[in-house]
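**Student:** One structure follows; several queries about it will come next.
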Amino acid sequence: MEEVQGSPITPCLKEAMVYLAQSELYTEAPHVFQLLTGQRQSQSSFWRLAQDCGQQLEAVLEQEEALPALAANEVVYCMGDGSMIFTDAGWQEVELDI
């Protein structure tokens, strides 16, 4: 367990902090964290956790094996299923075909 400002960070709090560090500005993440948990953490704590998580992820990605190339006669189709967006005409389904 990692120590930040003298208090231990549980795995659950660490996960919440990493989520906020990647979804909010580093300047906003401590404020949102305090609103949600009542605990104070510094901006640099969020930055350090995000950097550590990124380094761990890079190490995992480097270990992944590359898939073999497809033969010329093989075809792969991919489609992302629909998502909804709000337009002037109301909610509309959109799809992305690749």
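For the structure tokens, the naming scheme is as follows: chains receive sequential letters (A, B, ...) according to their order of presentation, residues are indexed from 1 within each chain, and ligands are indexed from 1 in presentation order.
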Need the shell around A:Cys12: protein/DNA/RNA residues with any atom at most 12 Å away, counting only C-alpha atoms. Skip same-chain ones fewer than 5 positions apart. Format as a ChimeraX atom specification?
**Tutor:** /A:1,17-19,37
**Student:** Enumerate, as a ChimeraX atom specification, the complete set of residues in chain A that a backbone-based DSSP assignment places in helix (DSSP H, G or I).
**Tutor:** /A:11-23,29-37,43-63
**Student:** Mind writing the picked residues with C-alpha atoms as a tab-separated table (two decimals), in the first residue's frame?
**Tutor:**
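Result saved to out20.tsv:
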```
chain	number	residue	atom	x	y	z
A	11	PRO	CA	-6.65	-0.15	-3.56
A	12	CYS	CA	-10.18	1.23	-3.93
A	13	LEU	CA	-9.07	4.82	-3.28
A	14	LYS	CA	-6.07	4.37	-5.58
A	15	GLU	CA	-8.39	3.19	-8.36
A	16	ALA	CA	-10.66	6.22	-7.80
A	17	MET	CA	-7.68	8.58	-7.85
A	18	VAL	CA	-6.28	7.09	-11.07
A	19	TYR	CA	-9.73	7.36	-12.66
A	20	LEU	CA	-10.02	11.03	-11.66
A	21	ALA	CA	-6.44	11.74	-12.78
A	22	GLN	CA	-7.21	10.53	-16.29
A	23	SER	CA	-10.73	11.96	-16.56
A	29	ALA	CA	-9.03	16.01	-9.57
A	30	PRO	CA	-8.17	16.80	-5.91
A	31	HIS	CA	-11.30	18.95	-5.56
A	32	VAL	CA	-13.58	16.28	-7.03
A	33	PHE	CA	-11.89	13.61	-4.88
A	34	GLN	CA	-12.48	15.66	-1.74
A	35	LEU	CA	-16.15	16.20	-2.66
A	36	LEU	CA	-16.63	12.46	-3.13
A	37	THR	CA	-14.59	11.09	-0.22
A	43	GLN	CA	-2.41	17.53	-7.21
A	44	SER	CA	1.04	15.93	-7.36
A	45	SER	CA	-0.34	12.73	-5.77
A	46	PHE	CA	-2.75	12.37	-8.68
A	47	TRP	CA	0.04	13.05	-11.17
A	48	ARG	CA	2.35	10.47	-9.56
A	49	LEU	CA	-0.36	7.80	-9.51
A	50	ALA	CA	-1.24	8.44	-13.15
A	51	GLN	CA	2.44	8.25	-14.15
A	52	ASP	CA	2.93	5.01	-12.20
A	53	CYS	CA	-0.18	3.46	-13.77
A	54	GLY	CA	0.99	4.53	-17.24
A	55	GLN	CA	4.41	2.94	-16.72
A	56	GLN	CA	2.82	-0.31	-15.54
A	57	LEU	CA	0.53	-0.33	-18.56
A	58	GLU	CA	3.45	0.28	-20.95
A	59	ALA	CA	5.26	-2.71	-19.47
A	60	VAL	CA	2.19	-4.91	-20.03
A	61	LEU	CA	1.70	-3.66	-23.58
A	62	GLU	CA	5.35	-4.36	-24.44
A	63	GLN	CA	4.89	-7.99	-23.34
```
**Student:** What is the atom CA of A:Glu95 to atom CA of A:Cys78 distance in Å?
**Tutor:** 11.7 Å
**Student:** Can you list, as a PyMOL selection string, all residues belonging to chain A that DSSP tags as strand (DSSP E)?
**Tutor:** chain A and resi 3-4+7-8+79-87+90-97
**Student:** To one decimal place, how far is atom CA of A:Leu25 from atom CA of A:Thr10 in Å?
**Tutor:**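 Result for atom CA of A:Leu25 versus atom CA of A:Thr10: 22.2 Å, one decimal.
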